[in-house]
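Text of the file model35.cif, holding mmCIF, C-alpha atoms:
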```cif
data_data
#
loop_
_atom_site.label_atom_id
_atom_site.label_comp_id
_atom_site.auth_asym_id
_atom_site.auth_seq_id
_atom_site.Cartn_x
_atom_site.Cartn_y
_atom_site.Cartn_z
CA MET A 542 -44.90 54.81 -35.29
CA LYS A 543 -46.39 52.76 -32.48
CA ALA A 544 -44.60 49.60 -31.40
CA ASN A 545 -47.51 47.32 -32.34
CA GLU A 546 -47.75 48.92 -35.80
CA GLU A 547 -44.05 48.30 -36.32
CA LYS A 548 -44.52 44.71 -35.16
CA GLU A 549 -47.37 44.20 -37.65
CA LEU A 550 -45.37 45.61 -40.51
CA LYS A 551 -42.38 43.49 -39.55
CA LYS A 552 -44.56 40.37 -39.55
CA LEU A 553 -46.06 41.23 -42.93
CA LEU A 554 -42.61 41.81 -44.42
CA LYS A 555 -41.20 38.61 -42.93
CA ASP A 556 -44.17 36.57 -44.12
CA SER A 557 -43.74 37.72 -47.69
CA LEU A 558 -39.96 38.04 -47.76
CA PRO A 559 -38.54 35.42 -45.40
CA PRO A 560 -34.98 35.67 -44.06
CA PHE A 561 -32.31 34.19 -46.26
CA GLU A 562 -31.56 30.82 -44.67
CA ASP A 563 -28.98 29.00 -46.76
CA THR A 564 -26.12 31.43 -46.47
CA THR A 565 -23.32 28.89 -46.84
CA LEU A 566 -20.71 29.68 -49.45
CA ARG A 567 -20.72 26.76 -51.89
CA ARG A 568 -17.29 27.18 -53.46
CA ASP A 569 -13.87 28.56 -52.77
CA LEU A 570 -13.67 32.07 -54.26
CA TRP A 571 -9.87 32.31 -54.10
CA PRO A 572 -9.40 31.34 -57.81
CA ALA A 573 -11.82 34.14 -58.78
CA MET A 574 -9.92 36.51 -56.48
CA LEU A 575 -6.59 35.56 -58.06
CA HIS A 576 -8.05 36.17 -61.50
CA ARG A 577 -9.24 39.60 -60.36
CA LEU A 578 -5.80 40.41 -58.96
CA GLU A 579 -4.15 39.47 -62.26
CA VAL A 580 -6.27 41.85 -64.34
CA PRO A 581 -4.17 44.98 -64.84
CA PRO A 582 -5.85 48.19 -63.66
CA VAL A 583 -7.25 50.41 -66.38
CA ARG A 584 -4.85 53.26 -67.00
CA VAL A 585 -5.72 56.33 -69.02
CA PRO A 586 -2.69 57.36 -71.12
CA TRP A 587 -1.34 60.82 -70.35
CA TRP A 588 -2.02 62.10 -73.87
CA ASP A 589 -5.75 61.36 -73.39
CA TRP A 590 -5.71 63.63 -70.33
CA ALA A 591 -3.79 66.26 -72.33
CA LEU A 592 -6.38 66.07 -75.13
CA LEU A 593 -9.22 66.41 -72.64
CA ALA A 594 -7.52 69.40 -71.00
CA ALA A 595 -6.96 71.07 -74.39
CA ALA A 596 -10.60 70.52 -75.43
CA THR A 597 -11.84 71.90 -72.08
CA ALA A 598 -9.60 74.97 -72.44
CA ILE A 599 -10.81 75.60 -76.00
CA PHE A 600 -14.46 75.34 -74.98
CA PHE A 601 -13.83 77.59 -71.99
CA PHE A 602 -12.13 80.35 -73.99
CA PHE A 603 -14.23 79.96 -77.16
CA PRO A 604 -17.70 78.82 -76.00
CA GLY A 605 -19.10 79.80 -79.39
CA MET A 606 -17.47 76.67 -80.78
CA ILE A 607 -19.78 74.37 -78.78
CA PRO A 608 -22.93 74.85 -80.96
CA ALA A 609 -20.77 74.73 -84.10
CA LEU A 610 -19.27 71.42 -82.96
CA LEU A 611 -22.70 70.05 -82.03
CA TYR A 612 -24.01 71.07 -85.46
CA HIS A 613 -21.28 69.07 -87.18
CA LEU A 614 -21.71 65.96 -84.99
CA MET B 1482 5.30 39.07 -37.89
CA GLU B 1483 1.57 38.77 -37.24
CA LEU B 1484 -0.81 37.95 -40.08
CA LEU B 1485 -2.46 41.40 -40.04
CA GLU B 1486 0.91 43.15 -40.01
CA ARG B 1487 2.03 41.12 -43.01
CA PHE B 1488 -1.26 41.91 -44.76
CA ALA B 1489 -0.84 45.63 -44.09
CA ALA B 1490 2.68 45.37 -45.51
CA GLY B 1491 1.24 43.97 -48.75
CA ASP B 1492 2.09 40.27 -48.30
CA LEU B 1493 -0.05 38.23 -50.74
CA ASP B 1494 0.19 35.03 -48.65
CA ALA B 1495 -1.21 36.90 -45.64
CA PHE B 1496 -3.98 38.27 -47.84
CA GLU B 1497 -4.80 34.73 -49.02
CA SER B 1498 -4.94 33.49 -45.41
CA LEU B 1499 -7.33 36.30 -44.46
CA PHE B 1500 -9.38 35.69 -47.60
CA ARG B 1501 -9.79 32.00 -46.81
CA GLN B 1502 -10.59 32.78 -43.18
CA TYR B 1503 -13.23 35.45 -43.88
CA GLN B 1504 -14.72 34.72 -47.33
CA GLY B 1505 -17.63 32.73 -45.80
CA ASP B 1506 -18.50 35.49 -43.33
CA VAL B 1507 -18.39 38.18 -45.99
CA TYR B 1508 -20.54 36.11 -48.37
CA ARG B 1509 -23.05 35.35 -45.57
CA TRP B 1510 -23.41 39.06 -44.81
CA ILE B 1511 -23.72 40.18 -48.42
CA VAL B 1512 -26.17 37.48 -49.55
CA ARG B 1513 -28.61 38.63 -46.89
CA ILE B 1514 -28.53 42.13 -48.36
CA VAL B 1515 -28.61 41.36 -52.08
CA ARG B 1516 -30.53 38.05 -51.72
CA ASP B 1517 -28.87 36.50 -54.74
CA PRO B 1518 -26.05 33.91 -54.34
CA ALA B 1519 -24.28 34.62 -57.66
CA THR B 1520 -24.25 38.37 -57.05
CA ALA B 1521 -23.10 37.81 -53.47
CA GLU B 1522 -20.14 35.74 -54.72
CA ASP B 1523 -19.12 38.53 -57.13
CA LEU B 1524 -19.48 41.12 -54.38
CA THR B 1525 -17.41 39.01 -51.98
CA VAL B 1526 -14.55 39.09 -54.49
CA GLU B 1527 -15.15 42.83 -55.01
CA THR B 1528 -14.97 43.38 -51.23
CA PHE B 1529 -11.61 41.62 -50.96
CA TRP B 1530 -10.38 43.50 -54.03
CA ARG B 1531 -11.13 46.75 -52.22
CA ILE B 1532 -9.47 45.36 -49.09
CA HIS B 1533 -6.38 44.44 -51.09
CA LYS B 1534 -6.18 47.90 -52.65
CA ALA B 1535 -6.55 49.55 -49.24
CA HIS B 1536 -4.15 47.30 -47.31
CA ALA B 1537 -1.74 50.15 -46.57
CA ARG B 1538 -4.52 52.14 -44.89
CA PHE B 1539 -5.39 49.34 -42.47
CA SER B 1540 -4.28 49.98 -38.91
CA VAL B 1541 -2.96 46.78 -37.32
CA GLU B 1542 -4.51 47.76 -33.99
CA GLY B 1543 -7.89 48.12 -35.68
CA ASN B 1544 -10.68 45.56 -35.86
CA PHE B 1545 -10.18 43.74 -39.16
CA GLY B 1546 -13.58 42.01 -39.05
CA ALA B 1547 -15.46 45.29 -38.54
CA TRP B 1548 -13.45 47.00 -41.31
CA LEU B 1549 -14.18 44.09 -43.65
CA ARG B 1550 -17.89 44.15 -42.89
CA ARG B 1551 -18.08 47.89 -43.53
CA ILE B 1552 -16.39 47.51 -46.89
CA ALA B 1553 -18.66 44.54 -47.72
CA THR B 1554 -21.74 46.62 -46.86
CA ASN B 1555 -20.50 49.46 -49.05
CA ALA B 1556 -19.89 47.05 -51.93
CA ALA B 1557 -23.44 45.68 -51.53
CA LEU B 1558 -24.86 49.22 -51.34
CA ASP B 1559 -22.97 50.24 -54.48
CA HIS B 1560 -24.47 47.22 -56.23
CA LEU B 1561 -27.99 48.16 -55.11
CA ARG B 1562 -27.43 51.72 -56.36
CA ARG B 1563 -26.14 50.49 -59.74
CA SER B 1564 -28.90 47.97 -60.21
CA ARG B 1565 -31.70 50.20 -59.00
CA ARG B 1566 -34.78 49.75 -61.18
CA GLU B 1567 -32.96 47.02 -63.10
CA VAL B 1568 -33.01 44.08 -60.72
CA PRO B 1569 -35.96 43.57 -58.38
CA LEU B 1570 -35.54 41.37 -55.32
CA PRO B 1571 -35.29 37.75 -56.50
CA ASP B 1572 -38.69 36.14 -56.12
CA ASP B 1573 -38.04 32.40 -56.02
CA ILE B 1574 -34.75 31.80 -54.35
CA SER B 1575 -34.53 28.26 -53.05
CA ALA B 1576 -32.27 29.36 -50.20
CA ALA B 1577 -34.92 31.66 -48.80
CA ARG B 1578 -37.47 30.03 -46.55
CA GLN B 1579 -40.80 29.54 -48.33
CA PRO B 1580 -43.07 32.55 -47.89
CA ASP B 1581 -46.09 32.29 -45.64
CA LYS B 1582 -49.13 30.98 -47.52
CA VAL B 1583 -51.36 33.39 -45.54
CA VAL B 1584 -49.92 36.27 -47.53
CA ASN B 1585 -51.35 35.96 -51.01
CA ALA B 1586 -49.24 36.21 -54.14
CA GLU B 1587 -50.53 39.65 -55.09
CA THR B 1588 -49.67 41.12 -51.68
CA ARG B 1589 -46.27 39.48 -51.79
CA ARG B 1590 -45.60 40.98 -55.22
CA SER B 1591 -46.62 44.43 -53.97
CA ILE B 1592 -44.31 44.12 -50.96
CA HIS B 1593 -41.40 42.96 -53.13
CA GLN B 1594 -42.05 45.86 -55.48
CA ALA B 1595 -42.26 48.35 -52.61
CA ILE B 1596 -39.00 47.17 -51.03
CA SER B 1597 -37.22 47.01 -54.40
CA THR B 1598 -38.03 50.64 -55.12
CA LEU B 1599 -36.86 51.97 -51.75
CA PRO B 1600 -33.69 54.08 -51.91
CA PRO B 1601 -30.77 51.65 -51.37
CA ARG B 1602 -29.62 53.18 -48.07
CA LEU B 1603 -33.14 52.73 -46.63
CA ARG B 1604 -33.61 49.33 -48.26
CA VAL B 1605 -30.47 47.98 -46.57
CA VAL B 1606 -31.58 48.96 -43.08
CA ILE B 1607 -35.12 47.66 -43.62
CA LEU B 1608 -33.81 44.31 -44.89
CA LEU B 1609 -31.28 43.95 -42.11
CA ALA B 1610 -33.44 45.26 -39.26
CA PHE B 1611 -36.86 43.83 -40.17
CA ILE B 1612 -36.19 40.73 -42.26
CA GLU B 1613 -32.84 39.53 -40.93
CA GLU B 1614 -33.44 40.97 -37.43
CA GLU B 1615 -29.90 42.25 -37.00
CA PRO B 1616 -29.40 44.47 -33.93
CA TYR B 1617 -29.27 48.20 -34.66
CA ALA B 1618 -25.74 48.39 -33.21
CA GLN B 1619 -24.51 45.80 -35.72
CA ILE B 1620 -26.19 47.62 -38.63
CA ALA B 1621 -24.74 50.93 -37.47
CA ASP B 1622 -21.26 49.44 -37.29
CA SER B 1623 -21.50 47.89 -40.74
CA LEU B 1624 -22.68 51.15 -42.30
CA GLY B 1625 -20.27 53.35 -40.38
CA ILE B 1626 -23.08 55.45 -38.89
CA SER B 1627 -24.51 55.93 -35.40
CA GLU B 1628 -27.32 53.84 -33.96
CA ASN B 1629 -29.51 56.93 -33.96
CA ALA B 1630 -28.89 57.38 -37.68
CA VAL B 1631 -29.99 53.76 -38.21
CA LYS B 1632 -33.20 54.47 -36.27
CA VAL B 1633 -33.83 57.52 -38.45
CA ARG B 1634 -33.33 55.45 -41.60
CA VAL B 1635 -35.65 52.74 -40.29
CA PHE B 1636 -38.28 55.38 -39.53
CA ARG B 1637 -37.97 56.93 -42.99
CA GLY B 1638 -37.90 53.52 -44.67
CA VAL B 1639 -41.03 52.39 -42.87
CA ARG B 1640 -42.84 55.63 -43.69
CA LEU B 1641 -41.96 55.33 -47.37
CA LEU B 1642 -42.79 51.63 -47.40
CA ARG B 1643 -46.21 52.26 -45.88
CA LYS B 1644 -46.89 54.94 -48.47
CA LYS B 1645 -45.92 52.62 -51.31
CA LEU B 1646 -47.96 49.76 -49.87
CA GLN B 1647 -50.99 51.99 -49.43
CA GLN B 1648 -50.69 53.11 -53.05
CA ALA B 1649 -50.60 49.42 -54.02
CA GLY B 1650 -53.70 48.74 -51.92
CA VAL B 1651 -51.93 46.76 -49.20
CA HIS B 1652 -52.86 47.70 -45.66
CA ALA B 1653 -49.85 47.54 -43.36
#
```
Re-express the file's structure as structure tokens.
Amino acid sequence: MKANEEKELKKLLKDSLPPFEDTTLRRDLWPAMLHRLEVPPVRVPWWDWALLAAATAIFFFFPGMIPALLYHL
Amino acid sequence: MELLERFAAGDLDAFESLFRQYQGDVYRWIVRIVRDPATAEDLTVETFWRIHKAHARFSVEGNFGAWLRRIATNAALDHLRRSRREVPLPDDISAARQPDKVVNAETRRSIHQAISTLPPRLRVVILLAFIEEEPYAQIADSLGISENAVKVRVFRGVRLLRKKLQQAGVHA
């Protein structure tokens, strides 16, 4: 792309989508941060992983069960 | 013990000091990418959440500001990826300077649409390089890529943008 073409495109973009001018943060975000820190992380119980592993193993060794399961869903 | 050392050791007071010191900078950077103040506030908190989780990986000799900006850019990029095709660029944001009257409303809509549908990694470099006029070195640093890679993304972004604008009947 030629430099003048790039300049033209840049001008067109800037004319229709001006730079964001008011970039001042209006409020202190620390309370929101504290709230986020207090939320306990989502933990998947170990038996859910065990169930998932068992289901994966069953489908791997008996793939014929997949259409049967889908039929009953 | 220095503030950054205490932060790396997991001290919450040190984290609060850094948060208060840098929250404005992080917000300022993100709002120019996502162009929406409420989203930028959420992403600022998300950025510091990621920082807090990764405190043990921070090297005290490293540049905290650069690390923070990279994480902020990634948080903004993740948001653009998630909200792709859901949220177009905000049209009437009071904080943005009023658009040029020479460009008519239809053209402006086409340009907004074209930029909104760019792949997020190209959209970020186009916004930062062309609209916000950030130096390529700064963009490269914030994305964790080389300056040459930024130039390649700008080239691809411009090519795609031109194609989209041509399809919309805008000559650029």
- For B:Asn1555, which residue among B:Asp1622, B:Glu1628, B:Asp1517, B:Glu1613 is the nearest when counting all atoms listed in the file?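 Of all the options, B:Asp1622 lies closest to B:Asn1555.
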Evaluate the PyMOL selection byres ((chain A) within 9 of (chain B)) and record the selected residues as a PDB file with C-alpha atoms, in the frame of the given file, following the chain and residue labels used in the document.
```pdb
ATOM      1  CA  MET A 542     -44.900  54.810 -35.290  1.00  0.00           C
ATOM      2  CA  GLU A 546     -47.750  48.920 -35.800  1.00  0.00           C
ATOM      3  CA  GLU A 547     -44.050  48.300 -36.320  1.00  0.00           C
ATOM      4  CA  GLU A 549     -47.370  44.200 -37.650  1.00  0.00           C
ATOM      5  CA  LEU A 550     -45.370  45.610 -40.510  1.00  0.00           C
ATOM      6  CA  LYS A 551     -42.380  43.490 -39.550  1.00  0.00           C
ATOM      7  CA  LYS A 552     -44.560  40.370 -39.550  1.00  0.00           C
ATOM      8  CA  LEU A 553     -46.060  41.230 -42.930  1.00  0.00           C
ATOM      9  CA  LEU A 554     -42.610  41.810 -44.420  1.00  0.00           C
ATOM     10  CA  LYS A 555     -41.200  38.610 -42.930  1.00  0.00           C
ATOM     11  CA  ASP A 556     -44.170  36.570 -44.120  1.00  0.00           C
ATOM     12  CA  SER A 557     -43.740  37.720 -47.690  1.00  0.00           C
ATOM     13  CA  LEU A 558     -39.960  38.040 -47.760  1.00  0.00           C
ATOM     14  CA  PRO A 559     -38.540  35.420 -45.400  1.00  0.00           C
ATOM     15  CA  PRO A 560     -34.980  35.670 -44.060  1.00  0.00           C
ATOM     16  CA  PHE A 561     -32.310  34.190 -46.260  1.00  0.00           C
ATOM     17  CA  GLU A 562     -31.560  30.820 -44.670  1.00  0.00           C
ATOM     18  CA  ASP A 563     -28.980  29.000 -46.760  1.00  0.00           C
ATOM     19  CA  THR A 564     -26.120  31.430 -46.470  1.00  0.00           C
ATOM     20  CA  THR A 565     -23.320  28.890 -46.840  1.00  0.00           C
ATOM     21  CA  LEU A 566     -20.710  29.680 -49.450  1.00  0.00           C
ATOM     22  CA  ASP A 569     -13.870  28.560 -52.770  1.00  0.00           C
ATOM     23  CA  LEU A 570     -13.670  32.070 -54.260  1.00  0.00           C
ATOM     24  CA  TRP A 571      -9.870  32.310 -54.100  1.00  0.00           C
ATOM     25  CA  ALA A 573     -11.820  34.140 -58.780  1.00  0.00           C
ATOM     26  CA  MET A 574      -9.920  36.510 -56.480  1.00  0.00           C
ATOM     27  CA  ARG A 577      -9.240  39.600 -60.360  1.00  0.00           C
ATOM     28  CA  LEU A 578      -5.800  40.410 -58.960  1.00  0.00           C
TER      29      LEU A 578
END
```
- Query: Can you list, as a VMD selection string, the residues that the PyMOL selection byres ((chain B and resi 1602) around 12) selects here?
  - Reply: chain B and resid 1514 1554 to 1555 1557 to 1562 1565 1596 to 1601 1603 to 1609 1620 to 1621 1624 1626 1630 to 1631 1633 to 1635 1637 to 1638
- Item | Nearest-residue call for B:Ser1623, choices B:His1536, B:Arg1551, B:Arg1487, B:Arg1531, using all atoms listed in the file |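 Checking each of B:His1536, B:Arg1551, B:Arg1487, B:Arg1531 against B:Ser1623, counting all atoms listed in the file, the winner is B:Arg1551.
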- Which of these, B:Val1541, B:Leu1493, B:Leu1524, B:Ala1649, has the shortest distance to A:Leu575 once you count all atoms listed in the file?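 Selected residue with least distance to A:Leu575: B:Leu1493.
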- Item | Distance in Å - atom CA of A:Pro586 versus atom CA of B:Ile1552 |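 Interatomic distance here is 29.5 Å.
The space separating atom CA of A:Arg568 from atom CA of B:Gln1619 comes to 26.7 Å.
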- Using atom CA of B:Ala1519 and atom CA of B:Ser1564 as the two end points, give the distance in Å to one decimal. 14.4 Å
- Contacts of B:Ala1535 within 12 Å, all atoms listed in the file, excl. fewer than 4 positions in-chain, as a PyMOL selection string: chain B and resi 1488-1491+1496+1528-1531+1539-1540+1548-1549+1552
